[in-house]
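A.B. asks: Handing you a structure now.
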Amino acid sequence: MYYLTQSIHRNAQTKGKRIATIMGDRERTWLQVKDRVARFAGGLKSIGVQNGDRIAILALNSDSYYEYYFSVPWAGAVVVPLNIRWSPAENAYSLKDSGATVLLIDQTFAKMLPAIEAQGVSFKSVIFIGEGEVPEGMIGYENLIEKNEPTPDAYRGNEDLAGIFYTGGTTGFPKGVMLSHSNMWASAMATLGLGITQEDEGQVRYLHAAPMFHLGDGGNTQIFTLTGSTHVFIPMFTPSGVIKAIAEKKVTNIMLVPTMIQMTINDPLINKVEVSSLEFIIYGASPMSESLLLETMQIFPKAQFIQGFGQTELAPTATALLPKHHATEGKYAGKMKSVGQAIPCVEIKIVNEEGETLAPKAIGEIAVKGPNCMQGYWNKPEETANALRNGWVHTGDAGYLDEDGFLFLVDRIKDMIISGGENVYSAEVENAVVKHPAVEQVVVIGIPHKEWGEQVHAEVILKAGQTATAEEIIAETKTYIANYKCPRSITFRTEPFPLSGAGKVLKREVKKGYWEGQERQIH
């Protein structure tokens, strides 16, 4: 039987007195965590939670958020983590769509509750999971733990629904991805075998810096719990917060998306404190330029790097680029530009629009099959049928496989630009533009053009103290990619790009100003 609470039972039995969680100055052992998980599960039952009920959470990272991930299935229910970057209307949609009966909320988002409820959302109970006084009308999280005895584990597992995880952000209307215990277990166990952690004497410390609602961190929650590693929490990502946590809590493992890595290595504090405890940097969620990767490797010379590629529908991992593949010479030279090979239990193929499998090096849609693949989208049978075909998840990402099975991303298919009849993949253009020494970040989009249909356009943020003209950057780009792929125009900006809660650039927000008055955002 596959069940996510198994690791809590095991860790309490085999590592009971070791530190399980660290939040600021608060530390708890595995025995304490198991007791709290079982008591909160009892608390949920005491307020009427039944098997299969959906229990939502809207909160910043914390040790209590960690306990939620295990207390809910312990009570026989289903987790629904909400996006901390969404508006009240967007989160109200997720709450209504999932049919959540209970909401956990902290002090940061308690003030959003009236606006959520104004959208026609109601709950049987609202539980305050934050610090400080419990707001009127809410139930205190700690009160439920104190007043209830530990309840037996419901042992929800196998194909039982574990969570509904709402995709959102970069590709349109939110969809609730249904993941079973088996889905999440398979992804965690397969990734575990890649060497990012191991059984130890309590020395592995994973930092929850990425938002815990996102399955990138949620997947690592399962992985690092399986081996009894210590979980360190900061409420939310800030460059200085990450650096301080590494230095003060002796963090060994961390997962960040490229935008977070860029901000962290640019923070002046990085050169003022000791960060040598860091052994593994896991990155993913969006393409990372080779120049940024090499710069990060210089700043953390003792750390090993591993890239994960996947999506929520894959619970969340499909491929991994191992430390040995991060090489600039030797037999793995050139592989660093890929997102690695399929993890154990996963099969990958590249298909055309007719679903036919393509040969190596041919660009098409990435399709993935394995026990990690989602059950489908909650209440969306048509979208499920479109994405999940004969057991294969069609990812909506474009890429190709080389002869060694390394997967190279090209773009989101929906980000493809058609200019003068030629397909241009924006990620390829972005990788070329960012090679200019003055360029800090770039986003490439298609904008309307009377003659070509769409024009390749770049929005660029320059490095502090650097200057460059559009002509200089375009000329540099032409040395790396074909002329028709190069930007025809560049806009320089000083404000940061809009980001989703998971740290991805929201290209649809960048495109808005260029497509006003148009019926469609493609030509």
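Here's how to read the names in the structure tokens: chain A, B, ... by the order shown, residue numbers from 1 in each chain, ligand numbers from 1 in the order shown.
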Ser291 of chain A: which residues within 12 Å, counting only C-alpha atoms, same-chain residues fewer than 5 positions away excluded, as a list of chain:residue names?

C.D. replies: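 Here the answer would be A:Pro258, A:Gln262, A:Thr296, A:Met297, A:Gln298, A:Thr328, A:Met336, A:Lys337, A:Glu430, A:Asn431, A:Ala432, A:Val433, A:Val434, A:Lys435, A:His436, A:Pro437, A:Ala438, A:Val439, A:Glu440, A:Gln441.
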
A.B. asks: Store the residues of this selection in a file with all heavy atoms, as a compact mmCIF listing (two decimals), in the first residue's frame.

C.D. replies:
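What ended up in out11.txt:
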```txt
# COMPACT_ATOMS: atom_id res chain seq x y z
N PRO A 258 14.90 29.55 -11.34
CA PRO A 258 15.98 30.42 -11.83
C PRO A 258 15.87 31.88 -11.41
O PRO A 258 16.88 32.52 -11.11
CB PRO A 258 15.91 30.24 -13.34
CG PRO A 258 15.41 28.85 -13.51
CD PRO A 258 14.41 28.65 -12.41
N GLN A 262 18.78 33.89 -9.40
CA GLN A 262 19.36 35.14 -9.89
C GLN A 262 19.35 36.20 -8.80
O GLN A 262 20.35 36.88 -8.55
CB GLN A 262 18.58 35.64 -11.10
CG GLN A 262 19.13 36.92 -11.71
CD GLN A 262 20.31 36.67 -12.62
OE1 GLN A 262 20.16 36.11 -13.71
NE2 GLN A 262 21.50 37.07 -12.19
N THR A 296 26.29 30.72 -10.92
CA THR A 296 25.85 30.15 -9.64
C THR A 296 26.82 29.06 -9.18
O THR A 296 27.12 28.95 -7.99
CB THR A 296 24.43 29.59 -9.77
OG1 THR A 296 23.57 30.58 -10.31
CG2 THR A 296 23.90 29.17 -8.40
N MET A 297 27.31 28.28 -10.11
CA MET A 297 28.26 27.22 -9.76
C MET A 297 29.56 27.81 -9.21
O MET A 297 30.21 27.21 -8.35
CB MET A 297 28.53 26.35 -10.99
CG MET A 297 27.32 25.54 -11.44
SD MET A 297 27.55 24.66 -13.02
CE MET A 297 28.66 23.35 -12.52
N GLN A 298 29.93 29.00 -9.68
CA GLN A 298 31.13 29.65 -9.16
C GLN A 298 30.92 30.17 -7.74
O GLN A 298 31.82 30.12 -6.90
CB GLN A 298 31.52 30.81 -10.08
CG GLN A 298 32.05 30.37 -11.43
CD GLN A 298 32.38 31.55 -12.34
OE1 GLN A 298 31.99 32.68 -12.07
NE2 GLN A 298 33.11 31.28 -13.42
N THR A 328 31.11 21.01 -18.59
CA THR A 328 31.40 21.81 -19.78
C THR A 328 32.37 21.09 -20.72
O THR A 328 32.65 21.58 -21.82
CB THR A 328 31.99 23.17 -19.38
OG1 THR A 328 33.15 22.96 -18.57
CG2 THR A 328 30.96 23.98 -18.60
N MET A 336 24.35 19.95 -20.38
CA MET A 336 23.90 20.92 -19.39
C MET A 336 22.81 21.82 -19.95
O MET A 336 22.07 22.44 -19.20
CB MET A 336 25.09 21.75 -18.89
CG MET A 336 24.81 22.56 -17.63
SD MET A 336 26.32 23.06 -16.78
CE MET A 336 27.15 24.01 -18.04
N LYS A 337 22.71 21.88 -21.27
CA LYS A 337 21.66 22.68 -21.88
C LYS A 337 20.32 21.94 -21.91
O LYS A 337 19.29 22.52 -22.26
CB LYS A 337 22.06 23.06 -23.31
CG LYS A 337 23.28 23.96 -23.37
CD LYS A 337 23.63 24.30 -24.81
CE LYS A 337 24.85 25.20 -24.89
NZ LYS A 337 25.22 25.53 -26.29
N GLU A 430 15.43 33.76 -26.06
CA GLU A 430 15.82 34.27 -24.74
C GLU A 430 17.21 33.79 -24.36
O GLU A 430 18.02 34.56 -23.82
CB GLU A 430 14.79 33.83 -23.69
CG GLU A 430 13.46 34.55 -23.81
CD GLU A 430 12.33 33.90 -23.05
OE1 GLU A 430 12.52 32.76 -22.56
OE2 GLU A 430 11.26 34.50 -22.95
N ASN A 431 17.49 32.53 -24.63
CA ASN A 431 18.82 32.00 -24.31
C ASN A 431 19.92 32.70 -25.10
O ASN A 431 21.05 32.83 -24.63
CB ASN A 431 18.87 30.49 -24.58
CG ASN A 431 18.11 29.70 -23.54
OD1 ASN A 431 17.94 30.15 -22.41
ND2 ASN A 431 17.64 28.52 -23.91
N ALA A 432 19.60 33.16 -26.31
CA ALA A 432 20.59 33.87 -27.12
C ALA A 432 20.76 35.31 -26.63
O ALA A 432 21.89 35.81 -26.51
CB ALA A 432 20.18 33.85 -28.59
N VAL A 433 19.66 35.99 -26.35
CA VAL A 433 19.72 37.39 -25.91
C VAL A 433 20.49 37.52 -24.59
O VAL A 433 21.29 38.44 -24.40
CB VAL A 433 18.31 37.98 -25.78
CG1 VAL A 433 18.36 39.37 -25.13
CG2 VAL A 433 17.62 38.06 -27.13
N VAL A 434 20.25 36.58 -23.67
CA VAL A 434 20.85 36.70 -22.34
C VAL A 434 22.36 36.47 -22.36
O VAL A 434 23.05 36.73 -21.37
CB VAL A 434 20.16 35.73 -21.35
CG1 VAL A 434 20.73 34.31 -21.46
CG2 VAL A 434 20.26 36.23 -19.90
N LYS A 435 22.88 36.02 -23.48
CA LYS A 435 24.33 35.87 -23.60
C LYS A 435 25.05 37.21 -23.69
O LYS A 435 26.26 37.29 -23.46
CB LYS A 435 24.67 35.00 -24.82
CG LYS A 435 24.29 33.53 -24.68
CD LYS A 435 24.68 32.75 -25.93
CE LYS A 435 24.24 31.29 -25.82
NZ LYS A 435 24.97 30.56 -24.77
N HIS A 436 24.32 38.27 -24.05
CA HIS A 436 24.94 39.59 -24.07
C HIS A 436 25.36 39.95 -22.64
O HIS A 436 24.56 39.82 -21.70
CB HIS A 436 23.97 40.64 -24.62
CG HIS A 436 24.60 41.96 -24.89
ND1 HIS A 436 24.97 42.84 -23.89
CD2 HIS A 436 24.96 42.56 -26.07
CE1 HIS A 436 25.51 43.91 -24.42
NE2 HIS A 436 25.52 43.78 -25.75
N PRO A 437 26.57 40.39 -22.43
CA PRO A 437 27.08 40.60 -21.06
C PRO A 437 26.32 41.65 -20.26
O PRO A 437 26.40 41.65 -19.03
CB PRO A 437 28.53 41.03 -21.29
CG PRO A 437 28.60 41.49 -22.71
CD PRO A 437 27.60 40.67 -23.45
N ALA A 438 25.57 42.53 -20.91
CA ALA A 438 24.84 43.58 -20.19
C ALA A 438 23.43 43.15 -19.79
O ALA A 438 22.76 43.84 -19.04
CB ALA A 438 24.78 44.86 -21.02
N VAL A 439 22.98 42.02 -20.30
CA VAL A 439 21.59 41.60 -20.09
C VAL A 439 21.45 40.80 -18.80
O VAL A 439 22.13 39.79 -18.60
CB VAL A 439 21.07 40.78 -21.29
CG1 VAL A 439 19.67 40.23 -20.99
CG2 VAL A 439 21.05 41.63 -22.54
N GLU A 440 20.55 41.25 -17.93
CA GLU A 440 20.25 40.55 -16.69
C GLU A 440 19.13 39.53 -16.90
O GLU A 440 19.26 38.37 -16.56
CB GLU A 440 19.82 41.57 -15.61
CG GLU A 440 19.37 40.96 -14.29
CD GLU A 440 20.52 40.57 -13.41
OE1 GLU A 440 21.64 40.97 -13.70
OE2 GLU A 440 20.30 39.85 -12.44
N GLN A 441 18.01 39.99 -17.45
CA GLN A 441 16.86 39.12 -17.71
C GLN A 441 16.20 39.54 -19.02
O GLN A 441 16.28 40.69 -19.44
CB GLN A 441 15.82 39.23 -16.58
CG GLN A 441 16.22 38.58 -15.28
CD GLN A 441 15.13 38.74 -14.23
OE1 GLN A 441 15.03 39.76 -13.57
NE2 GLN A 441 14.30 37.73 -14.07
```

A.B. asks: Within 8 Å of Thr259 of chain A, counting only C-alpha atoms, which residues qualify if same-chain residues fewer than 3 places away don't, as an mmCIF file with C-alpha atoms, in the first residue's frame?

C.D. replies:
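selection33.cif was written with the following content:
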```cif
data_model
loop_
_atom_site.group_PDB
_atom_site.id
_atom_site.type_symbol
_atom_site.label_atom_id
_atom_site.label_comp_id
_atom_site.auth_asym_id
_atom_site.auth_seq_id
_atom_site.Cartn_x
_atom_site.Cartn_y
_atom_site.Cartn_z
ATOM 1 C CA GLN A 262 19.364 35.143 -9.893
ATOM 2 C CA MET A 263 18.105 37.358 -7.065
ATOM 3 C CA GLY A 503 8.337 32.365 -9.454
ATOM 4 C CA LYS A 504 7.651 31.993 -13.175
#
```

A.B. asks: Write down as number ranges by chain the residues belonging to segment 216-433 of chain A that are assigned helix (DSSP H, G or I) by DSSP computed on the backbone.

C.D. replies: A: 216-226, 239-249, 258-266, 268-271, 290-299, 312-314, 323-325, 335-337, 381-387, 413-415, 426-433

A.B. asks: If we count only C-alpha atoms and set the cut-off at 9 Å, which residues sit around Tyr425 of chain A, ignoring sequence neighbours fewer than 5 positions away in its own chain? Please answer as JSON, numbers by chain.

C.D. replies: {"A": [398, 410, 411, 412, 413, 415, 416, 417, 418, 485]}

A.B. asks: Measuring between only C-alpha atoms, which one of A:Tyr514, A:Tyr332, A:Trp185, A:Tyr66 shows the shortest distance to Tyr2 of chain A?

C.D. replies: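 Under the stated criterion, the closest residue is A:Trp185.
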
A.B. asks: So which residues touch Glu133 of chain A within 12 Å, counting only C-alpha atoms, skipping near sequence neighbours fewer than 4 positions away, as a list in words?

C.D. replies: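 What passes the distance filter is Asp106, Gln107, Ala110, Phe128, Ile129, Gly137, Met138, Ile139, Gly140, Tyr141, Glu142 and Asn143 of chain A.
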
A.B. asks: One decimal, in Å: what's the spacing between atom CA of Ser125 of chain A and atom CA of Met212 of chain A?

C.D. replies: 22.1 Å

A.B. asks: Using only C-alpha atoms for the distances, tell me which of A:Lys175, A:Lys369, A:Arg54, A:Arg39 is nearest to Glu90 of chain A.

C.D. replies: A:Lys175

A.B. asks: Which of segment 355-458 of chain A counts as strand (DSSP E or B) under DSSP, as a count of residues only please?

C.D. replies: 50

A.B. asks: Using only C-alpha atoms, find the one residue out of A:Thr384, A:Thr191, A:Asn271, A:Ser338 that sits nearest to Ser289 of chain A.

C.D. replies: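 Distance minimum relative to Ser289 of chain A lands on A:Ser338.
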
A.B. asks: Write out as a ChimeraX atom specification each polymer residue whose atoms come within 7 Å of Ala188 of chain A, counting only C-alpha atoms; drop sequence neighbours fewer than 3 positions from it.

C.D. replies: /A:184-185,191-192,219,222-223

A.B. asks: Applying 10 Å and only C-alpha atoms, which residues near Gly391 of chain A remain after dropping the ones on its own chain fewer than 3 positions away? List them as a compact mmCIF listing (two decimals) with all heavy atoms, in the first residue's frame.

C.D. replies:
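selection-v4.txt was written with the following content:
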```
# COMPACT_ATOMS: atom_id res chain seq x y z
N ALA A 367 5.45 14.26 -24.33
CA ALA A 367 4.43 13.44 -23.69
C ALA A 367 5.09 12.51 -22.68
O ALA A 367 6.20 12.01 -22.93
CB ALA A 367 3.64 12.64 -24.73
N VAL A 368 4.43 12.30 -21.55
CA VAL A 368 5.01 11.55 -20.44
C VAL A 368 4.03 10.48 -19.96
O VAL A 368 2.83 10.73 -19.87
CB VAL A 368 5.37 12.49 -19.26
CG1 VAL A 368 5.95 11.70 -18.09
CG2 VAL A 368 6.33 13.57 -19.71
N LYS A 369 4.58 9.30 -19.64
CA LYS A 369 3.76 8.20 -19.13
C LYS A 369 4.44 7.58 -17.93
O LYS A 369 5.65 7.43 -17.89
CB LYS A 369 3.55 7.15 -20.22
CG LYS A 369 2.56 6.05 -19.86
CD LYS A 369 2.34 5.12 -21.06
CE LYS A 369 1.25 4.10 -20.77
NZ LYS A 369 1.01 3.21 -21.92
N GLY A 370 3.66 7.23 -16.93
CA GLY A 370 4.20 6.58 -15.75
C GLY A 370 3.23 6.64 -14.59
O GLY A 370 2.17 7.29 -14.68
N PRO A 371 3.55 6.00 -13.47
CA PRO A 371 2.65 6.00 -12.31
C PRO A 371 2.53 7.36 -11.63
O PRO A 371 1.70 7.53 -10.74
CB PRO A 371 3.29 4.97 -11.37
CG PRO A 371 4.73 4.95 -11.76
CD PRO A 371 4.75 5.19 -13.24
N CYS A 373 1.71 10.04 -13.33
CA CYS A 373 0.79 10.85 -14.13
C CYS A 373 -0.55 11.02 -13.43
O CYS A 373 -1.12 10.07 -12.89
CB CYS A 373 0.59 10.21 -15.50
SG CYS A 373 2.06 10.29 -16.54
N MET A 374 -1.07 12.23 -13.49
CA MET A 374 -2.27 12.62 -12.77
C MET A 374 -3.47 11.72 -13.09
O MET A 374 -3.53 11.05 -14.13
CB MET A 374 -2.63 14.06 -13.10
CG MET A 374 -3.07 14.27 -14.55
SD MET A 374 -3.72 15.93 -14.85
CE MET A 374 -4.09 15.84 -16.61
N GLN A 375 -4.48 11.80 -12.21
CA GLN A 375 -5.75 11.13 -12.47
C GLN A 375 -6.59 11.92 -13.46
O GLN A 375 -7.45 11.37 -14.13
CB GLN A 375 -6.53 10.96 -11.17
CG GLN A 375 -5.88 10.01 -10.17
CD GLN A 375 -6.71 9.85 -8.91
OE1 GLN A 375 -7.36 10.78 -8.45
NE2 GLN A 375 -6.69 8.65 -8.34
N ALA A 387 -5.61 16.31 -22.39
CA ALA A 387 -4.25 16.24 -21.84
C ALA A 387 -3.79 14.82 -21.56
O ALA A 387 -2.60 14.52 -21.65
CB ALA A 387 -4.18 17.07 -20.55
N LEU A 388 -4.72 13.93 -21.21
CA LEU A 388 -4.38 12.57 -20.80
C LEU A 388 -4.95 11.60 -21.84
O LEU A 388 -6.14 11.31 -21.85
CB LEU A 388 -4.97 12.30 -19.41
CG LEU A 388 -4.51 11.06 -18.66
CD1 LEU A 388 -3.00 11.05 -18.47
CD2 LEU A 388 -5.20 10.99 -17.29
N HIS A 394 0.05 14.83 -22.12
CA HIS A 394 0.59 15.73 -23.15
C HIS A 394 0.83 17.07 -22.48
O HIS A 394 -0.10 17.76 -22.08
CB HIS A 394 -0.37 15.83 -24.33
CG HIS A 394 -0.42 14.57 -25.13
ND1 HIS A 394 0.06 14.48 -26.42
CD2 HIS A 394 -0.85 13.32 -24.81
CE1 HIS A 394 -0.09 13.24 -26.86
NE2 HIS A 394 -0.64 12.52 -25.91
```

A.B. asks: If we count only C-alpha atoms and set the cut-off at 9 Å, which residues sit around Phe213 of chain A, ignoring sequence neighbours fewer than 2 positions away in its own chain? Please answer as an mmCIF file with N, CA, C and O atoms, in the first residue's frame.

C.D. replies:
```
data_model
loop_
_atom_site.group_PDB
_atom_site.id
_atom_site.type_symbol
_atom_site.label_atom_id
_atom_site.label_comp_id
_atom_site.auth_asym_id
_atom_site.auth_seq_id
_atom_site.Cartn_x
_atom_site.Cartn_y
_atom_site.Cartn_z
ATOM 1 N N ILE A 57 -5.914 25.425 2.143
ATOM 2 C CA ILE A 57 -5.022 26.241 2.969
ATOM 3 C C ILE A 57 -4.541 27.435 2.159
ATOM 4 O O ILE A 57 -4.218 27.314 0.977
ATOM 5 N N LEU A 58 -4.523 28.600 2.806
ATOM 6 C CA LEU A 58 -4.009 29.826 2.204
ATOM 7 C C LEU A 58 -3.096 30.459 3.243
ATOM 8 O O LEU A 58 -3.540 31.122 4.179
ATOM 9 N N ALA A 59 -1.793 30.230 3.084
ATOM 10 C CA ALA A 59 -0.849 30.644 4.120
ATOM 11 C C ALA A 59 0.565 30.674 3.569
ATOM 12 O O ALA A 59 0.869 30.048 2.555
ATOM 13 N N LEU A 60 1.425 31.403 4.273
ATOM 14 C CA LEU A 60 2.844 31.392 3.977
ATOM 15 C C LEU A 60 3.465 30.113 4.528
ATOM 16 O O LEU A 60 2.836 29.346 5.255
ATOM 17 N N ASN A 61 4.719 29.878 4.175
ATOM 18 C CA ASN A 61 5.431 28.685 4.628
ATOM 19 C C ASN A 61 5.537 28.661 6.155
ATOM 20 O O ASN A 61 5.774 29.689 6.786
ATOM 21 N N VAL A 80 -5.927 20.886 -0.497
ATOM 22 C CA VAL A 80 -6.125 21.840 -1.591
ATOM 23 C C VAL A 80 -5.303 23.091 -1.255
ATOM 24 O O VAL A 80 -5.802 24.036 -0.656
ATOM 25 N N PRO A 81 -4.023 23.111 -1.623
ATOM 26 C CA PRO A 81 -3.192 24.291 -1.355
ATOM 27 C C PRO A 81 -3.541 25.424 -2.324
ATOM 28 O O PRO A 81 -3.633 25.213 -3.529
ATOM 29 N N LEU A 82 -3.722 26.632 -1.787
ATOM 30 C CA LEU A 82 -4.114 27.779 -2.604
ATOM 31 C C LEU A 82 -2.913 28.663 -2.906
ATOM 32 O O LEU A 82 -1.996 28.807 -2.092
ATOM 33 N N ASN A 83 -2.973 29.301 -4.065
ATOM 34 C CA ASN A 83 -1.876 30.128 -4.557
ATOM 35 C C ASN A 83 -1.837 31.459 -3.810
ATOM 36 O O ASN A 83 -2.792 32.241 -3.848
ATOM 37 N N ILE A 84 -0.719 31.733 -3.158
ATOM 38 C CA ILE A 84 -0.608 32.947 -2.339
ATOM 39 C C ILE A 84 -0.500 34.211 -3.166
ATOM 40 O O ILE A 84 -0.635 35.319 -2.629
ATOM 41 N N PHE A 165 -4.385 20.189 -6.878
ATOM 42 C CA PHE A 165 -3.377 21.246 -6.992
ATOM 43 C C PHE A 165 -3.704 22.090 -8.220
ATOM 44 O O PHE A 165 -3.657 21.592 -9.348
ATOM 45 N N ALA A 210 10.929 28.120 -1.478
ATOM 46 C CA ALA A 210 9.892 28.238 -2.497
ATOM 47 C C ALA A 210 8.536 28.068 -1.816
ATOM 48 O O ALA A 210 8.432 27.445 -0.760
ATOM 49 N N PRO A 211 7.479 28.618 -2.389
ATOM 50 C CA PRO A 211 6.165 28.540 -1.733
ATOM 51 C C PRO A 211 5.670 27.110 -1.596
ATOM 52 O O PRO A 211 5.736 26.321 -2.541
ATOM 53 N N LEU A 215 3.750 22.576 -6.096
ATOM 54 C CA LEU A 215 4.147 21.175 -5.996
ATOM 55 C C LEU A 215 5.639 20.975 -6.165
ATOM 56 O O LEU A 215 6.161 19.907 -5.837
ATOM 57 N N GLY A 216 6.351 22.003 -6.654
ATOM 58 C CA GLY A 216 7.808 21.895 -6.665
ATOM 59 C C GLY A 216 8.327 21.696 -5.253
ATOM 60 O O GLY A 216 9.134 20.793 -4.981
ATOM 61 N N ASP A 217 7.855 22.513 -4.332
ATOM 62 C CA ASP A 217 8.234 22.337 -2.931
ATOM 63 C C ASP A 217 7.445 21.192 -2.302
ATOM 64 O O ASP A 217 7.977 20.447 -1.473
ATOM 65 N N GLY A 218 6.180 21.033 -2.703
ATOM 66 C CA GLY A 218 5.382 19.942 -2.150
ATOM 67 C C GLY A 218 5.977 18.578 -2.443
ATOM 68 O O GLY A 218 5.940 17.678 -1.596
ATOM 69 N N GLY A 501 3.033 32.867 -8.415
ATOM 70 C CA GLY A 501 3.400 32.471 -7.058
ATOM 71 C C GLY A 501 4.538 31.474 -7.025
ATOM 72 O O GLY A 501 5.224 31.334 -6.016
ATOM 73 N N ALA A 502 4.736 30.771 -8.143
ATOM 74 C CA ALA A 502 5.820 29.796 -8.218
ATOM 75 C C ALA A 502 7.113 30.394 -8.748
ATOM 76 O O ALA A 502 8.102 29.695 -8.932
#
```
